[in-house]
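Source file: target.cif (mmCIF, C-alpha atoms)
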```
data_data
loop_
_atom_site.label_atom_id
_atom_site.label_comp_id
_atom_site.auth_asym_id
_atom_site.auth_seq_id
_atom_site.Cartn_x
_atom_site.Cartn_y
_atom_site.Cartn_z
CA MET A 1 73.45 -19.98 81.74
CA LYS A 2 73.67 -23.78 81.61
CA TRP A 3 71.71 -25.74 79.07
CA PRO A 4 69.31 -28.36 80.40
CA ARG A 5 70.43 -31.93 80.00
CA THR A 6 67.63 -32.62 77.49
CA LEU A 7 68.85 -29.87 75.16
CA TRP A 8 72.37 -31.32 75.17
CA SER A 9 70.96 -34.73 74.27
CA VAL A 10 68.94 -33.26 71.39
CA ALA A 11 72.01 -31.34 70.18
CA TRP A 12 74.15 -34.50 70.13
CA VAL A 13 71.44 -36.43 68.25
CA LEU A 14 71.15 -33.69 65.63
CA MET A 15 74.93 -33.58 65.19
CA GLY A 16 74.98 -37.37 64.74
CA LEU A 17 72.22 -37.23 62.12
CA LEU A 18 74.09 -34.46 60.31
CA ALA A 19 77.28 -36.55 60.25
CA VAL A 20 75.39 -39.60 58.92
CA ALA A 21 73.71 -37.49 56.23
CA ALA A 22 77.05 -36.01 55.15
CA THR A 23 78.61 -39.48 54.97
CA MET A 24 75.72 -40.87 52.89
CA ALA A 25 75.85 -37.89 50.55
CA SER A 26 79.59 -38.37 50.11
CA LEU A 27 79.21 -42.08 49.38
CA GLY A 28 76.31 -41.55 47.02
CA GLN A 29 77.90 -38.94 44.78
CA ARG A 30 79.18 -39.94 41.37
CA ASP A 31 82.86 -40.18 40.50
CA VAL A 32 83.89 -37.15 38.46
CA ALA A 33 87.60 -37.97 38.27
CA ALA A 34 88.48 -41.62 37.73
CA ASN A 35 90.10 -43.48 40.63
CA PRO A 36 90.83 -47.11 39.62
CA ASP A 37 92.04 -48.06 43.09
CA PRO A 38 91.42 -51.77 43.92
CA LEU A 39 90.37 -50.68 47.42
CA SER A 40 87.70 -48.31 46.07
CA TYR A 41 84.06 -49.41 45.85
CA GLY A 42 83.05 -46.31 43.90
CA PRO A 43 81.96 -46.54 40.25
CA SER A 44 85.48 -45.96 38.93
CA GLY A 45 87.17 -48.24 41.49
CA THR A 46 88.33 -51.79 40.74
CA ALA A 47 87.53 -53.54 44.05
CA ALA A 48 85.00 -55.81 42.30
CA TRP A 49 87.61 -57.10 39.83
CA ALA A 50 90.10 -57.71 42.65
CA GLU A 51 87.44 -59.70 44.53
CA VAL A 52 86.61 -61.75 41.41
CA LEU A 53 90.30 -62.62 41.07
CA ARG A 54 90.47 -63.73 44.72
CA ARG A 55 87.38 -65.90 44.41
CA THR A 56 88.75 -67.62 41.32
CA GLY A 57 91.88 -68.68 43.19
CA TYR A 58 94.41 -65.92 42.48
CA GLU A 59 96.50 -64.32 45.20
CA VAL A 60 95.87 -60.58 44.90
CA SER A 61 98.28 -58.01 46.31
CA ILE A 62 97.59 -54.26 46.44
CA ASP A 63 100.92 -52.45 46.60
CA HIS A 64 100.92 -48.68 47.17
CA ARG A 65 104.70 -48.32 47.25
CA SER A 66 106.57 -46.30 44.65
CA LYS A 67 108.52 -49.49 43.88
CA PRO A 68 106.04 -52.37 44.30
CA GLY A 69 107.33 -55.78 45.26
CA VAL A 70 106.78 -58.13 42.32
CA GLY A 71 108.26 -61.53 41.52
CA PRO A 72 109.15 -63.27 38.23
CA ASN A 73 105.83 -65.18 38.02
CA ASP A 74 103.65 -62.22 39.01
CA LEU A 75 101.37 -60.10 36.86
CA ALA A 76 101.69 -56.36 37.56
CA VAL A 77 98.49 -54.43 36.76
CA ALA A 78 99.18 -50.78 35.91
CA PHE A 79 96.29 -48.33 35.39
CA VAL A 80 97.52 -45.30 33.44
CA ASN A 81 95.90 -41.91 32.85
CA ARG A 82 95.72 -41.87 29.07
CA GLU A 83 95.55 -38.04 28.86
CA ARG A 84 99.17 -37.89 30.03
CA TYR A 85 100.49 -40.38 27.46
CA SER A 86 98.45 -39.83 24.28
CA GLY A 87 97.64 -37.20 21.69
CA GLU A 88 100.13 -34.33 21.60
CA ALA A 89 102.26 -35.65 24.49
CA PRO A 90 106.00 -35.07 23.85
CA GLU A 91 107.84 -38.06 22.49
CA SER A 92 110.86 -37.29 24.69
CA ALA A 93 109.00 -37.28 28.02
CA PRO A 94 111.19 -38.64 30.84
CA GLU A 95 110.39 -42.17 32.02
CA SER A 96 108.68 -42.17 35.43
CA PRO A 97 110.45 -44.07 38.28
CA ILE A 98 107.47 -46.41 38.75
CA PHE A 99 107.59 -47.36 35.05
CA GLN A 100 111.36 -47.77 35.22
CA HIS A 101 110.78 -50.26 38.03
CA LEU A 102 108.07 -52.10 36.07
CA ARG A 103 110.25 -52.16 32.95
CA GLN A 104 113.05 -53.80 34.93
CA PHE A 105 110.51 -56.24 36.41
CA ALA A 106 109.44 -57.21 32.87
CA ALA A 107 113.05 -57.56 31.74
CA ASP A 108 113.64 -60.01 34.61
CA GLY A 109 110.82 -62.26 33.39
CA GLY A 110 107.63 -60.65 34.70
CA THR A 111 104.49 -59.49 32.89
CA VAL A 112 103.04 -55.97 33.02
CA LEU A 113 99.41 -55.32 32.03
CA VAL A 114 98.78 -51.64 31.15
CA LEU A 115 95.16 -50.48 31.41
CA PRO A 116 94.61 -46.89 30.22
CA TYR A 117 91.70 -44.87 31.62
CA ALA A 118 90.17 -41.47 30.96
CA GLU A 119 90.31 -38.88 33.73
CA ASN A 120 86.75 -37.66 33.12
CA TYR A 121 84.92 -40.78 34.27
CA ILE A 122 81.40 -39.33 33.97
CA ASP A 123 81.88 -38.54 30.27
CA VAL A 124 83.34 -41.98 29.52
CA SER A 125 80.56 -43.73 31.47
CA ARG A 126 77.86 -41.87 29.57
CA ARG A 127 79.43 -42.76 26.22
CA LEU A 128 79.86 -46.42 27.15
CA ILE A 129 76.30 -46.82 28.47
CA GLU A 130 74.81 -45.30 25.32
CA ALA A 131 77.08 -47.11 22.85
CA PRO A 132 76.76 -50.82 21.91
CA PRO A 133 79.58 -53.18 22.95
CA ALA A 134 82.58 -53.57 20.68
CA THR A 135 83.52 -56.98 19.29
CA ILE A 136 87.17 -57.94 19.67
CA ARG A 137 88.81 -61.04 18.17
CA ASN A 138 91.94 -62.96 19.04
CA ALA A 139 94.52 -62.63 16.31
CA ALA A 140 95.42 -66.34 16.47
CA SER A 141 92.26 -68.26 17.40
CA GLN A 142 89.68 -65.70 16.20
CA LYS A 143 87.80 -66.15 19.47
CA ALA A 144 85.48 -63.17 19.99
CA PHE A 145 84.30 -61.18 23.00
CA LYS A 146 81.94 -58.23 23.36
CA VAL A 147 83.49 -55.61 25.64
CA SER A 148 82.93 -52.03 26.71
CA LEU A 149 85.14 -49.80 24.57
CA PRO A 150 84.90 -46.00 24.31
CA ASP A 151 85.81 -44.38 21.00
CA TYR A 152 89.10 -42.53 21.57
CA GLU A 153 90.68 -40.46 18.86
CA ASP A 154 94.25 -40.83 20.11
CA PRO A 155 95.85 -44.18 21.03
CA LEU A 156 98.02 -44.66 24.08
CA LEU A 157 101.67 -43.91 23.33
CA LEU A 158 103.32 -46.79 25.15
CA GLY A 159 106.74 -45.52 24.13
CA LEU A 160 106.32 -42.66 26.62
CA LEU A 161 105.85 -45.17 29.45
CA PHE A 162 108.51 -47.66 28.40
CA PRO A 163 110.93 -46.11 25.88
CA GLY A 164 112.47 -48.53 23.42
CA VAL A 165 110.13 -51.45 24.09
CA GLY A 166 110.60 -52.81 20.59
CA THR A 167 108.22 -54.20 18.01
CA GLN A 168 104.48 -54.21 18.70
CA VAL A 169 102.59 -57.49 18.31
CA ASP A 170 98.79 -57.21 18.01
CA LEU A 171 97.07 -59.88 20.11
CA TRP A 172 93.41 -58.80 19.94
CA GLN A 173 91.86 -56.85 17.10
CA GLY A 174 89.11 -54.29 17.73
CA PRO A 175 86.49 -52.99 15.28
CA SER A 176 88.94 -50.66 13.49
CA GLU A 177 92.32 -50.97 15.23
CA PRO A 178 94.22 -53.24 17.64
CA TYR A 179 92.59 -53.63 21.05
CA ALA A 180 95.37 -55.50 22.90
CA SER A 181 99.04 -55.48 21.98
CA GLY A 182 102.23 -56.95 23.42
CA TRP A 183 105.92 -56.13 23.51
CA THR A 184 108.80 -58.41 24.49
CA VAL A 185 111.15 -56.83 27.04
CA GLY A 186 114.12 -58.98 28.06
CA LYS A 187 112.78 -62.22 29.53
CA GLY A 188 109.28 -60.85 30.08
CA ARG A 189 106.60 -58.90 28.26
CA ILE A 190 104.40 -55.83 28.46
CA LEU A 191 100.74 -55.98 27.43
CA ALA A 192 98.49 -52.98 26.89
CA LEU A 193 94.77 -52.66 26.21
CA ARG A 194 93.30 -49.76 24.27
CA ASP A 195 91.11 -48.94 27.28
CA GLY A 196 90.79 -50.26 30.85
CA THR A 197 87.39 -48.84 31.80
CA LEU A 198 85.88 -52.32 31.42
CA ALA A 199 87.67 -53.31 34.67
CA THR A 200 85.94 -50.67 36.83
CA ASN A 201 83.13 -51.51 39.24
CA ARG A 202 80.45 -49.96 37.01
CA PHE A 203 81.33 -52.01 33.91
CA ILE A 204 82.98 -55.23 35.15
CA ASP A 205 79.66 -57.11 35.02
CA ARG A 206 78.60 -55.83 31.59
CA HIS A 207 78.87 -57.81 28.36
CA ASP A 208 81.94 -60.13 28.34
CA ASN A 209 84.18 -57.74 30.29
CA ALA A 210 84.81 -60.00 33.31
CA GLU A 211 85.26 -63.14 31.18
CA PHE A 212 87.78 -61.43 28.90
CA LEU A 213 89.80 -60.04 31.83
CA GLN A 214 89.84 -63.41 33.61
CA GLY A 215 91.08 -65.14 30.46
CA LEU A 216 93.75 -62.49 29.99
CA VAL A 217 94.97 -62.94 33.58
CA ALA A 218 94.98 -66.73 33.24
CA ALA A 219 97.11 -66.50 30.09
CA THR A 220 99.66 -64.06 31.56
CA THR A 221 100.08 -65.16 35.19
CA GLY A 222 102.72 -67.78 35.92
CA GLU A 223 102.17 -70.83 38.08
CA ALA A 224 101.95 -69.83 41.76
CA GLY A 225 102.13 -66.21 40.64
CA ARG A 226 100.26 -63.25 42.09
CA VAL A 227 98.24 -60.42 40.60
CA VAL A 228 99.83 -57.22 41.94
CA PHE A 229 97.97 -53.92 41.56
CA ALA A 230 100.69 -51.25 41.30
CA THR A 231 98.70 -48.21 42.41
CA ALA A 232 101.66 -45.84 42.03
CA THR A 233 101.03 -45.80 38.27
CA PHE A 234 97.96 -43.60 38.80
CA GLY A 235 99.32 -41.55 41.71
CA SER A 236 98.21 -43.55 44.75
CA VAL A 237 101.54 -43.85 46.55
CA ARG A 238 102.00 -44.70 50.23
CA ASP A 239 105.57 -45.66 51.00
CA PRO A 240 106.32 -47.41 54.32
CA GLY A 241 107.28 -45.32 57.35
CA LEU A 242 110.56 -45.08 59.18
CA MET A 243 110.03 -48.20 61.32
CA ALA A 244 109.15 -50.37 58.32
CA ARG A 245 112.18 -49.08 56.44
CA ILE A 246 114.51 -49.99 59.32
CA GLY A 247 113.20 -53.54 59.39
CA ASP A 248 110.65 -55.86 60.94
CA TRP A 249 112.66 -56.04 64.15
CA ALA A 250 112.12 -52.30 64.69
CA VAL A 251 108.35 -52.64 64.30
CA VAL A 252 108.29 -55.59 66.73
CA SER A 253 110.43 -53.68 69.24
CA TRP A 254 108.13 -50.68 69.03
CA TYR A 255 105.07 -52.79 69.76
CA GLN A 256 106.88 -54.46 72.66
CA ILE A 257 107.62 -51.04 74.16
CA LEU A 258 103.96 -50.06 73.81
CA LEU A 259 102.85 -53.33 75.40
CA ALA A 260 105.25 -52.88 78.32
CA PHE A 261 103.92 -49.34 78.84
CA LEU A 262 100.32 -50.57 78.86
CA VAL A 263 101.16 -53.36 81.33
CA ALA A 264 102.90 -50.88 83.62
CA ALA A 265 99.98 -48.46 83.40
CA ALA A 266 97.49 -51.24 84.17
CA GLY A 267 99.63 -52.47 87.07
CA LEU A 268 99.49 -49.09 88.75
CA GLY A 269 95.74 -49.48 89.17
CA VAL A 270 95.99 -52.70 91.26
CA ARG A 271 95.47 -52.07 95.00
CA PHE A 272 97.80 -53.41 97.68
CA GLY A 273 96.78 -55.74 100.47
CA TYR A 274 94.75 -58.91 100.47
CA PRO A 275 93.69 -60.22 97.07
CA GLU A 276 90.18 -59.42 95.95
CA ARG A 277 87.63 -62.16 96.30
CA ALA A 278 85.98 -63.31 93.14
CA HIS A 279 82.22 -63.20 93.60
CA THR A 280 80.68 -65.82 91.36
CA VAL A 281 76.99 -66.23 90.69
CA GLN A 282 75.65 -69.64 91.70
CA ARG A 283 73.93 -71.25 88.75
CA SER A 284 71.01 -73.61 89.12
CA SER A 285 71.09 -77.21 87.93
CA ARG A 286 68.42 -76.34 85.38
CA GLU A 287 70.77 -73.87 83.67
CA LEU A 288 73.45 -76.56 83.56
CA VAL A 289 71.06 -79.02 81.93
CA ASP A 290 69.94 -76.40 79.41
CA ALA A 291 73.55 -75.55 78.60
CA ILE A 292 74.45 -79.20 78.02
CA ALA A 293 71.36 -79.68 75.86
CA GLU A 294 72.23 -76.61 73.79
CA THR A 295 75.78 -77.90 73.34
CA PHE A 296 74.46 -81.25 72.09
CA ARG A 297 72.04 -79.48 69.75
CA ARG A 298 74.67 -77.20 68.19
CA GLY A 299 77.15 -80.02 67.84
CA LYS A 300 74.49 -82.30 66.31
CA LYS A 301 75.20 -84.89 69.01
CA SER A 302 71.67 -86.26 69.32
CA THR A 303 73.00 -89.81 69.71
CA VAL A 304 75.14 -88.75 72.69
CA ALA A 305 72.14 -87.21 74.41
CA LEU A 306 70.02 -90.31 73.68
CA ARG A 307 72.82 -92.52 75.04
CA ALA A 308 72.78 -90.51 78.26
CA ALA A 309 69.01 -91.01 78.55
CA ILE A 310 69.44 -94.78 78.02
CA ASP A 311 72.14 -95.02 80.70
CA SER A 312 70.01 -93.03 83.15
CA ALA A 313 67.00 -95.29 82.51
CA ASP A 314 69.16 -98.41 82.96
CA GLN A 315 70.45 -97.23 86.34
CA THR A 316 66.93 -96.38 87.52
CA ILE A 317 65.59 -99.79 86.43
CA ARG A 318 68.41 -101.76 88.06
CA PHE A 319 68.00 -99.85 91.30
CA ALA A 320 64.20 -100.27 91.37
CA TYR A 321 64.20 -103.96 90.37
CA LYS A 322 67.26 -104.85 92.49
CA ILE A 323 69.17 -106.04 89.42
CA PRO A 324 72.97 -106.38 89.90
CA ARG A 325 75.13 -104.03 87.90
CA ASP A 326 77.05 -106.89 86.30
CA ALA A 327 73.87 -108.56 85.07
CA SER A 328 73.52 -108.65 81.28
CA GLU A 329 70.85 -106.78 79.36
CA GLY A 330 69.13 -110.09 78.56
CA GLU A 331 68.81 -110.96 82.26
CA ARG A 332 67.51 -107.47 82.88
CA ASP A 333 64.92 -107.60 80.09
CA ARG A 334 63.44 -110.94 81.25
CA ILE A 335 61.90 -109.31 84.33
CA LEU A 336 60.79 -106.05 82.66
CA PRO A 337 57.44 -105.29 80.98
CA GLU A 338 57.40 -105.92 77.25
CA SER A 339 56.63 -102.28 76.38
CA LEU A 340 59.64 -101.07 78.40
CA VAL A 341 61.89 -103.63 76.71
CA ASP A 342 60.70 -102.41 73.28
CA ALA A 343 61.44 -98.78 74.24
CA LEU A 344 64.92 -99.71 75.42
CA ARG A 345 65.70 -101.66 72.25
CA LEU A 346 64.46 -98.91 69.95
CA ALA A 347 66.54 -96.33 71.80
CA GLU A 348 69.62 -98.59 71.74
CA THR A 349 69.28 -99.13 67.96
CA ALA A 350 68.82 -95.41 67.27
CA SER A 351 71.82 -94.44 69.42
CA ARG A 352 74.09 -96.44 67.12
CA GLU A 353 73.12 -94.44 64.03
CA LYS A 354 75.65 -91.91 62.69
CA ARG A 355 73.07 -89.17 62.18
CA LEU A 356 69.94 -88.85 64.23
CA HIS A 357 67.53 -85.95 63.99
CA PRO A 358 67.07 -84.13 67.32
CA SER A 359 63.27 -84.51 67.17
CA ASP A 360 63.57 -88.31 66.73
CA ALA A 361 66.04 -88.56 69.61
CA LEU A 362 63.74 -86.46 71.79
CA GLY A 363 60.75 -88.66 70.96
CA LEU A 364 62.63 -91.87 71.83
CA ALA A 365 63.94 -90.37 75.08
CA ARG A 366 60.46 -89.23 76.13
CA ARG A 367 58.94 -92.60 75.34
CA LEU A 368 61.67 -94.34 77.33
CA GLU A 369 61.12 -91.99 80.27
CA SER A 370 57.35 -92.61 80.12
CA GLU A 371 57.73 -96.40 80.01
CA VAL A 372 60.14 -96.34 82.95
CA ALA A 373 57.73 -94.21 84.97
CA THR A 374 54.81 -96.53 84.11
CA ALA A 375 56.78 -99.66 85.04
CA LEU A 376 57.89 -98.17 88.36
CA ALA A 377 54.36 -97.00 89.14
CA SER A 378 52.86 -100.45 88.46
CA ARG A 379 55.59 -102.08 90.55
CA ASN A 380 54.90 -99.81 93.52
CA THR A 381 51.08 -100.21 93.31
CA PRO A 382 49.91 -102.76 95.92
CA THR A 383 48.02 -105.77 94.57
CA ALA A 384 44.38 -106.07 95.73
CA VAL A 385 43.59 -109.23 97.75
#
```
Whole structure given in structure tokens:
Amino acid sequence: MKWPRTLWSVAWVLMGLLAVAATMASLGQRDVAANPDPLSYGPSGTAAWAEVLRRTGYEVSIDHRSKPGVGPNDLAVAFVNRERYSGEAPESAPESPIFQHLRQFAADGGTVLVLPYAENYIDVSRRLIEAPPATIRNAASQKAFKVSLPDYEDPLLLGLLFPGVGTQVDLWQGPSEPYASGWTVGKGRILALRDGTLATNRFIDRHDNAEFLQGLVAATTGEAGRVVFATATFGSVRDPGLMARIGDWAVVSWYQILLAFLVAAAGLGVRFGYPERAHTVQRSSRELVDAIAETFRRGKKSTVALRAAIDSADQTIRFAYKIPRDASEGERDRILPESLVDALRLAETASREKRLHPSDALGLARRLESEVATALASRNTPTAV
């Protein structure tokens, strides 16, 4: 038994509505586990911070490779799951390859910014929303900011990420303990905040969070340097495929092969024999005039349109009054009615202006057209004897 066509249409509509509802429900749910990906627009994502950096003039790069490409003047942003590197974590934990790469980057003169985050984002969000902001002060200038800071019992053990980093220097002091600290590694440095939740989409616009982060980036990014989000530090790794590993020439060759295949496939559909005739639709002169007028309007070329109206009126007048083409405007105006001469002069003056409103140009053109029509009508009217 075949379904009627109407039932199939209803079934497809219902399936579409179900898909839309599932998508909206998925987008609307809260983040349970934190995901500080700079491409994520969820509450725990950091896309808003990345966009703020772009709009303030920084070049932002989002690198999902296990060994991100960073240069000497770049700032590498590393979000770290604090549960893995705090509390009772073993002191002899092996250094991860991504942190080995970032350590070498710092030793070569780069800067790494470590932002710890809690895995249970709902719990941290609830605590931050209910708690007042924490005041942090710069250790040198005593400048203060109010930022979102959850109360953690265990600090981040940076030695598990970068073993042997050296002596800790406290840069920003929190209410009871250091909030931001730095370590010198070779020619570069590693900075770490006590918590990085202030950089997520839900909290970036609260208190002084955005201002503090922007100042921190400005102080740690070299001239012409980039801000590189190294997503491998929190498990978001997407290494390039085989073609990209071989080289750019392999990717280009692959696309050329695909293009040649598409051209060959399209060529098979061309019939043999006489070429097909192109059937074009004949447009009316009115459509051409409207198109030209629309072009003038969009390009704000009111003076060009008014100039065209003046030239058209001049040709009409010279033809009607038998005035030679090489005759000057003064010779022409001596035999014209005074009102027509005034309309011509006003239009000429307005056409020389740099900016002319379309309504003013239209008014002058209409007046000129009306005066020309009146002059021609009076010239053609026979005089009563």
**OP:** For each of A:Arg325, A:His207, A:His279, A:His357, take the minimum atom-to-atom distance to Ala144 of chain A, counting only C-alpha atoms, then give the residue where this is smallest.
**Re:** A:His207
**OP:** Evaluate the PyMOL selection byres ((chain A and resi 184-191) around 8) here and jot the selected residues down as a PyMOL selection string.
**Re:** chain A and resi 103+105-114+165-167+180-183+192-193
Hey, could you pull the box centre and edge lengths for segment 196-209 of chain A, axis-aligned, 4 Å padding per side, all listed atoms, to one decimal in Å, as lines of an AutoDock Vina configuration file?
```
center_x = 84.7
center_y = -54.5
center_z = 33.8
size_x = 20.2
size_y = 19.3
size_z = 18.9
```
On this file, the PyMOL selection byres ((chain A and resi 364) around 12) gives some set of residues; write that set as a PDB file with C-alpha atoms, in the coordinates of the input.
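Output (out.pdb):
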```
ATOM      1  CA  SER A 302      71.670 -86.260  69.320  1.00  0.00           C
ATOM      2  CA  THR A 303      73.000 -89.810  69.710  1.00  0.00           C
ATOM      3  CA  ALA A 305      72.140 -87.210  74.410  1.00  0.00           C
ATOM      4  CA  LEU A 306      70.020 -90.310  73.680  1.00  0.00           C
ATOM      5  CA  ARG A 307      72.820 -92.520  75.040  1.00  0.00           C
ATOM      6  CA  ALA A 309      69.010 -91.010  78.550  1.00  0.00           C
ATOM      7  CA  ILE A 310      69.440 -94.780  78.020  1.00  0.00           C
ATOM      8  CA  LEU A 340      59.640-101.070  78.400  1.00  0.00           C
ATOM      9  CA  ASP A 342      60.700-102.410  73.280  1.00  0.00           C
ATOM     10  CA  ALA A 343      61.440 -98.780  74.240  1.00  0.00           C
ATOM     11  CA  LEU A 344      64.920 -99.710  75.420  1.00  0.00           C
ATOM     12  CA  ARG A 345      65.700-101.660  72.250  1.00  0.00           C
ATOM     13  CA  LEU A 346      64.460 -98.910  69.950  1.00  0.00           C
ATOM     14  CA  ALA A 347      66.540 -96.330  71.800  1.00  0.00           C
ATOM     15  CA  GLU A 348      69.620 -98.590  71.740  1.00  0.00           C
ATOM     16  CA  THR A 349      69.280 -99.130  67.960  1.00  0.00           C
ATOM     17  CA  ALA A 350      68.820 -95.410  67.270  1.00  0.00           C
ATOM     18  CA  SER A 351      71.820 -94.440  69.420  1.00  0.00           C
ATOM     19  CA  LEU A 356      69.940 -88.850  64.230  1.00  0.00           C
ATOM     20  CA  HIS A 357      67.530 -85.950  63.990  1.00  0.00           C
ATOM     21  CA  PRO A 358      67.070 -84.130  67.320  1.00  0.00           C
ATOM     22  CA  SER A 359      63.270 -84.510  67.170  1.00  0.00           C
ATOM     23  CA  ASP A 360      63.570 -88.310  66.730  1.00  0.00           C
ATOM     24  CA  ALA A 361      66.040 -88.560  69.610  1.00  0.00           C
ATOM     25  CA  LEU A 362      63.740 -86.460  71.790  1.00  0.00           C
ATOM     26  CA  GLY A 363      60.750 -88.660  70.960  1.00  0.00           C
ATOM     27  CA  ALA A 365      63.940 -90.370  75.080  1.00  0.00           C
ATOM     28  CA  ARG A 366      60.460 -89.230  76.130  1.00  0.00           C
ATOM     29  CA  ARG A 367      58.940 -92.600  75.340  1.00  0.00           C
ATOM     30  CA  LEU A 368      61.670 -94.340  77.330  1.00  0.00           C
ATOM     31  CA  GLU A 369      61.120 -91.990  80.270  1.00  0.00           C
ATOM     32  CA  SER A 370      57.350 -92.610  80.120  1.00  0.00           C
ATOM     33  CA  GLU A 371      57.730 -96.400  80.010  1.00  0.00           C
TER      34      GLU A 371
END
```
Original post:
Rounded to one decimal in Å, what is the spacing between atom CA of Leu53 of chain A and atom CA of Val70 of chain A?
Top reply: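 Atom CA of Val70 of chain A lies at a distance of 17.1 Å from atom CA of Leu53 of chain A.
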Saved segment 199-205 of chain A from the preceding structure, all heavy atoms, as a short mmCIF file (atom, residue, chain, number, x, y, z; two decimals), in the first residue's frame:
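So the final result, stored in result.cif, reads:
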```cif
data_model
loop_
_atom_site.label_atom_id
_atom_site.label_comp_id
_atom_site.auth_asym_id
_atom_site.auth_seq_id
_atom_site.Cartn_x
_atom_site.Cartn_y
_atom_site.Cartn_z
N ALA A 199 37.75 33.75 32.16
CA ALA A 199 37.88 33.92 30.71
C ALA A 199 36.78 33.22 29.93
O ALA A 199 36.72 33.37 28.70
CB ALA A 199 39.24 33.37 30.25
N THR A 200 35.88 32.49 30.60
CA THR A 200 34.82 31.78 29.88
C THR A 200 33.71 32.74 29.47
O THR A 200 33.59 33.85 29.99
CB THR A 200 34.26 30.64 30.74
OG1 THR A 200 33.70 31.21 31.95
CG2 THR A 200 35.33 29.65 31.11
N ASN A 201 32.88 32.28 28.54
CA ASN A 201 31.83 33.14 27.98
C ASN A 201 30.86 33.65 29.04
O ASN A 201 30.34 34.76 28.94
CB ASN A 201 31.05 32.37 26.91
CG ASN A 201 31.92 31.99 25.73
OD1 ASN A 201 32.90 32.67 25.44
ND2 ASN A 201 31.57 30.91 25.06
N ARG A 202 30.60 32.85 30.06
CA ARG A 202 29.62 33.25 31.08
C ARG A 202 30.15 34.35 31.98
O ARG A 202 29.38 35.18 32.48
CB ARG A 202 29.22 32.04 31.93
CG ARG A 202 28.29 32.37 33.09
CD ARG A 202 27.71 31.13 33.70
NE ARG A 202 26.74 30.50 32.80
CZ ARG A 202 26.13 29.34 33.06
NH1 ARG A 202 26.42 28.69 34.18
NH2 ARG A 202 25.27 28.84 32.22
N PHE A 203 31.47 34.44 32.17
CA PHE A 203 32.02 35.37 33.16
C PHE A 203 32.93 36.44 32.57
O PHE A 203 33.40 37.30 33.31
CB PHE A 203 32.80 34.59 34.24
CG PHE A 203 31.94 33.69 35.07
CD1 PHE A 203 31.86 32.34 34.79
CD2 PHE A 203 31.17 34.19 36.10
CE1 PHE A 203 31.06 31.50 35.54
CE2 PHE A 203 30.36 33.37 36.87
CZ PHE A 203 30.30 32.01 36.58
N ILE A 204 33.20 36.42 31.27
CA ILE A 204 34.14 37.37 30.69
C ILE A 204 33.66 38.81 30.84
O ILE A 204 34.46 39.74 30.94
CB ILE A 204 34.39 37.03 29.19
CG1 ILE A 204 35.48 37.91 28.59
CG2 ILE A 204 33.10 37.18 28.40
CD1 ILE A 204 36.84 37.64 29.13
N ASP A 205 32.33 39.02 30.86
CA ASP A 205 31.81 40.38 30.95
C ASP A 205 31.47 40.80 32.38
O ASP A 205 30.89 41.86 32.58
CB ASP A 205 30.57 40.52 30.06
CG ASP A 205 29.43 39.59 30.49
OD1 ASP A 205 29.72 38.59 31.18
OD2 ASP A 205 28.27 39.87 30.14
#
```
